[in-house]
Amino acid sequence: MTDGPSEPGSPSEPGSPSEPGSPSEPGSPSEPGSASETELIARARTGDQDAFAELVMLHADRVYGALRRFGLDANDADEVTQEVFLRAWRGLPRFEQRARFSTWLYRIAFNEAQRRLARRTLPRATARPDDDAPDPVAGVPAPAEAGPEARVLAGELERQLDAALGELPDEWRAAVVLRDIEGLSTHDAAEVVGVGEAAFKSRLHRGRMQLRELLGPYLGA
């Protein structure tokens with residue numbers, strides 16, 4: 001990407017974010033949504049490239065991780081992460097701050113990922129009953145909760161989860177990623193993908209149901 005006076009100091013190249021996303025620790029001074037982030041956004045909107053570079057550092061890992069979960073490979077996710085922040089920099093004057101900055105970034109990331117995936121043949125979506133499908137991602141144990149052997153098993157389950165996500169139709173996968181992995185509210189996640197909450201819940205339910213089928217042997221189902 002060519003450097004120029006109109007581009008931020010290196011946000012167009014956020015580096016090689018770790019996989020998958022590693023959000024800031026809750027309560028840290030730079031936690032997304034904190035007063036310091038609000039200040040950084042305000043400064044960046046006036047053209048402060050250093051402030052925008054700090055925003056990139058806060059959010060790059062999570063954007064990259066979401067792009068991988070949306071179905072992009074490592075190279076594409078790295079390129080699209082850079083494109084997401086370049087578009088964000090250019091679009092900051094139009095950012096109305098009614099949504100959280102992170103939600104706005106997810107929306108850009110989702111749209112860019114769909115462009116990359118547009119040429120791929122989509123799996124056929126099959127409807128399921130039962131609108132109250134449980135969250136299969138909750139079955140993935142937290143590695144810190146158990147000893148070394150359990151952590152190895154949890155790591156294997158996470159790899160199986162990634163593989164299973166890759167089997168879902170894009171719309172279902174995006175719903176599961178945004179709601180169950182990235183932790184967005186139903187309202188915010190529906191806004192990211194550009195559908196109403198009812199339609200989003202339908203996608204989420206179907207994605208969860210298919211994930212449970214795919215992960216059944218690992219979840220003891």
# chains A, B, ... in the order shown; residues from 1 in each chain; ligands from 1

call {"tool": "residues_around", "arguments": {"residues": "Ala109 in chain A", "least_positions_apart": "3", "cutoff": "12 Å", "atoms": "only C-alpha atoms", "output": "ChimeraX atom specification"}}
result
/A:59-60,62-72,76-88,102-106,112-116,174,178,192-193

call {"tool": "write_last_selection", "arguments": {"atoms": "N, CA and C atoms", "output": "short mmCIF file (atom, residue, chain, number, x, y, z; two decimals), in the first residue's frame"}}
result
data_model
loop_
_atom_site.label_atom_id
_atom_site.label_comp_id
_atom_site.auth_asym_id
_atom_site.auth_seq_id
_atom_site.Cartn_x
_atom_site.Cartn_y
_atom_site.Cartn_z
N HIS A 59 -7.64 -2.65 17.90
CA HIS A 59 -8.67 -3.46 17.26
C HIS A 59 -8.17 -4.41 16.18
N ALA A 60 -6.91 -4.31 15.77
CA ALA A 60 -6.44 -5.10 14.63
C ALA A 60 -6.55 -6.60 14.86
N ARG A 62 -8.60 -8.32 16.76
CA ARG A 62 -9.97 -8.80 16.74
C ARG A 62 -10.54 -8.77 15.32
N VAL A 63 -10.22 -7.74 14.56
CA VAL A 63 -10.69 -7.68 13.17
C VAL A 63 -10.10 -8.84 12.38
N TYR A 64 -8.80 -9.06 12.55
CA TYR A 64 -8.14 -10.16 11.83
C TYR A 64 -8.76 -11.51 12.22
N GLY A 65 -8.97 -11.71 13.52
CA GLY A 65 -9.55 -12.96 13.98
C GLY A 65 -10.96 -13.17 13.42
N ALA A 66 -11.75 -12.10 13.37
CA ALA A 66 -13.10 -12.23 12.81
C ALA A 66 -13.04 -12.57 11.33
N LEU A 67 -12.12 -11.96 10.60
CA LEU A 67 -11.98 -12.25 9.18
C LEU A 67 -11.62 -13.71 8.94
N ARG A 68 -10.74 -14.26 9.79
CA ARG A 68 -10.41 -15.68 9.66
C ARG A 68 -11.64 -16.54 9.92
N ARG A 69 -12.41 -16.18 10.94
CA ARG A 69 -13.62 -16.94 11.25
C ARG A 69 -14.69 -16.77 10.17
N PHE A 70 -14.68 -15.64 9.48
CA PHE A 70 -15.62 -15.45 8.38
C PHE A 70 -15.28 -16.34 7.19
N GLY A 71 -14.08 -16.93 7.18
CA GLY A 71 -13.73 -17.86 6.12
C GLY A 71 -12.53 -17.49 5.28
N LEU A 72 -11.85 -16.38 5.59
CA LEU A 72 -10.67 -15.99 4.81
C LEU A 72 -9.44 -16.75 5.30
N ASP A 76 -5.34 -13.64 2.89
CA ASP A 76 -6.47 -12.77 2.60
C ASP A 76 -6.88 -11.96 3.83
N ALA A 77 -6.89 -12.62 5.00
CA ALA A 77 -7.29 -11.92 6.22
C ALA A 77 -6.33 -10.78 6.53
N ASP A 78 -5.04 -11.00 6.29
CA ASP A 78 -4.05 -9.96 6.54
C ASP A 78 -4.27 -8.78 5.60
N GLU A 79 -4.49 -9.08 4.32
CA GLU A 79 -4.73 -8.01 3.35
C GLU A 79 -6.02 -7.26 3.65
N VAL A 80 -7.06 -8.00 3.97
CA VAL A 80 -8.35 -7.36 4.21
C VAL A 80 -8.32 -6.56 5.52
N THR A 81 -7.58 -7.01 6.51
CA THR A 81 -7.43 -6.22 7.73
C THR A 81 -6.88 -4.84 7.41
N GLN A 82 -5.87 -4.81 6.56
CA GLN A 82 -5.31 -3.51 6.16
C GLN A 82 -6.34 -2.68 5.41
N GLU A 83 -7.11 -3.34 4.53
CA GLU A 83 -8.13 -2.62 3.78
C GLU A 83 -9.22 -2.08 4.70
N VAL A 84 -9.58 -2.87 5.71
CA VAL A 84 -10.61 -2.43 6.67
C VAL A 84 -10.19 -1.12 7.33
N PHE A 85 -8.95 -1.05 7.79
CA PHE A 85 -8.52 0.16 8.50
C PHE A 85 -8.29 1.32 7.55
N LEU A 86 -7.90 1.04 6.32
CA LEU A 86 -7.80 2.12 5.34
C LEU A 86 -9.18 2.72 5.07
N ARG A 87 -10.17 1.84 4.90
CA ARG A 87 -11.54 2.33 4.69
C ARG A 87 -12.06 3.06 5.93
N ALA A 88 -11.70 2.57 7.10
CA ALA A 88 -12.13 3.23 8.33
C ALA A 88 -11.54 4.64 8.42
N SER A 102 -16.11 -0.44 17.46
CA SER A 102 -15.80 -1.83 17.12
C SER A 102 -16.89 -2.43 16.23
N THR A 103 -18.16 -2.09 16.49
CA THR A 103 -19.25 -2.58 15.65
C THR A 103 -19.13 -2.04 14.24
N TRP A 104 -18.77 -0.79 14.13
CA TRP A 104 -18.55 -0.17 12.81
C TRP A 104 -17.43 -0.89 12.07
N LEU A 105 -16.34 -1.20 12.76
CA LEU A 105 -15.23 -1.92 12.13
C LEU A 105 -15.67 -3.32 11.68
N TYR A 106 -16.45 -4.01 12.52
CA TYR A 106 -16.94 -5.33 12.14
C TYR A 106 -17.79 -5.25 10.88
N GLU A 112 -16.13 -6.45 3.51
CA GLU A 112 -14.93 -6.76 2.75
C GLU A 112 -14.73 -8.27 2.61
N ALA A 113 -15.04 -9.00 3.68
CA ALA A 113 -14.91 -10.46 3.62
C ALA A 113 -15.88 -11.04 2.59
N GLN A 114 -17.10 -10.50 2.54
CA GLN A 114 -18.07 -11.00 1.57
C GLN A 114 -17.60 -10.77 0.14
N ARG A 115 -16.92 -9.67 -0.07
CA ARG A 115 -16.39 -9.42 -1.43
C ARG A 115 -15.35 -10.47 -1.79
N ARG A 116 -14.50 -10.83 -0.83
CA ARG A 116 -13.48 -11.85 -1.09
C ARG A 116 -14.10 -13.23 -1.30
N ALA A 174 -21.25 -16.27 9.78
CA ALA A 174 -21.08 -14.89 10.25
C ALA A 174 -21.91 -14.64 11.50
N LEU A 178 -20.11 -13.60 15.02
CA LEU A 178 -20.36 -12.29 15.63
C LEU A 178 -21.02 -12.42 16.99
N VAL A 192 -24.38 -5.28 11.87
CA VAL A 192 -23.15 -5.54 11.12
C VAL A 192 -23.46 -6.21 9.79
N VAL A 193 -24.33 -7.23 9.80
CA VAL A 193 -24.59 -7.98 8.57
C VAL A 193 -25.73 -7.38 7.76
#

call {"tool": "closest_residue", "arguments": {"among": "A:Ala74, A:Ser36, A:Trp89, A:Ser202", "to": "Gln49 in chain A", "atoms": "only C-alpha atoms"}}
result
A:Trp89

call {"tool": "residues_around", "arguments": {"residues": "Glu96 in chain A", "least_positions_apart": "6", "cutoff": "12 Å", "atoms": "only C-alpha atoms", "output": "PyMOL selection string"}}
result
chain A and resi 41-42+45+104

call {"tool": "write_last_selection", "arguments": {"atoms": "N, CA and C atoms", "output": "PDB file, in the first residue's frame"}}
result
ATOM      1  N   ILE A  41     -10.796   8.514  19.068  1.00  0.00           N
ATOM      2  CA  ILE A  41     -11.673   8.656  17.902  1.00  0.00           C
ATOM      3  C   ILE A  41     -11.849  10.126  17.549  1.00  0.00           C
ATOM      4  N   ALA A  42     -12.077  10.942  18.578  1.00  0.00           N
ATOM      5  CA  ALA A  42     -12.261  12.376  18.331  1.00  0.00           C
ATOM      6  C   ALA A  42     -11.015  12.985  17.692  1.00  0.00           C
ATOM      7  N   ARG A  45     -10.631  11.818  14.069  1.00  0.00           N
ATOM      8  CA  ARG A  45     -11.576  12.473  13.165  1.00  0.00           C
ATOM      9  C   ARG A  45     -11.075  13.832  12.705  1.00  0.00           C
ATOM     10  N   TRP A 104     -18.773  -0.789  14.126  1.00  0.00           N
ATOM     11  CA  TRP A 104     -18.555  -0.171  12.807  1.00  0.00           C
ATOM     12  C   TRP A 104     -17.430  -0.885  12.066  1.00  0.00           C
TER      13      TRP A 104
END

call {"tool": "atom_distance", "arguments": {"atom1": "CA of Val177 in chain A", "atom2": "CA of Leu165 in chain A"}}
result
8.5 Å

call {"tool": "closest_residue", "arguments": {"among": "A:Ile181, A:Ala164, A:Val56, A:Ala44", "to": "Pro93 in chain A", "atoms": "only C-alpha atoms"}}
result
A:Ala44

call {"tool": "atom_distance", "arguments": {"atom1": "CA of Ala175 in chain A", "atom2": "CA of Asn111 in chain A"}}
result
13.5 Å

call {"tool": "closest_residue", "arguments": {"among": "A:Asp188, A:Asp48, A:Glu156, A:Asp61", "to": "Phe101 in chain A", "atoms": "only C-alpha atoms"}}
result
A:Asp188

call {"tool": "atom_distance", "arguments": {"atom1": "CA of Arg203 in chain A", "atom2": "CA of Trp172 in chain A"}}
result
5.0 Å
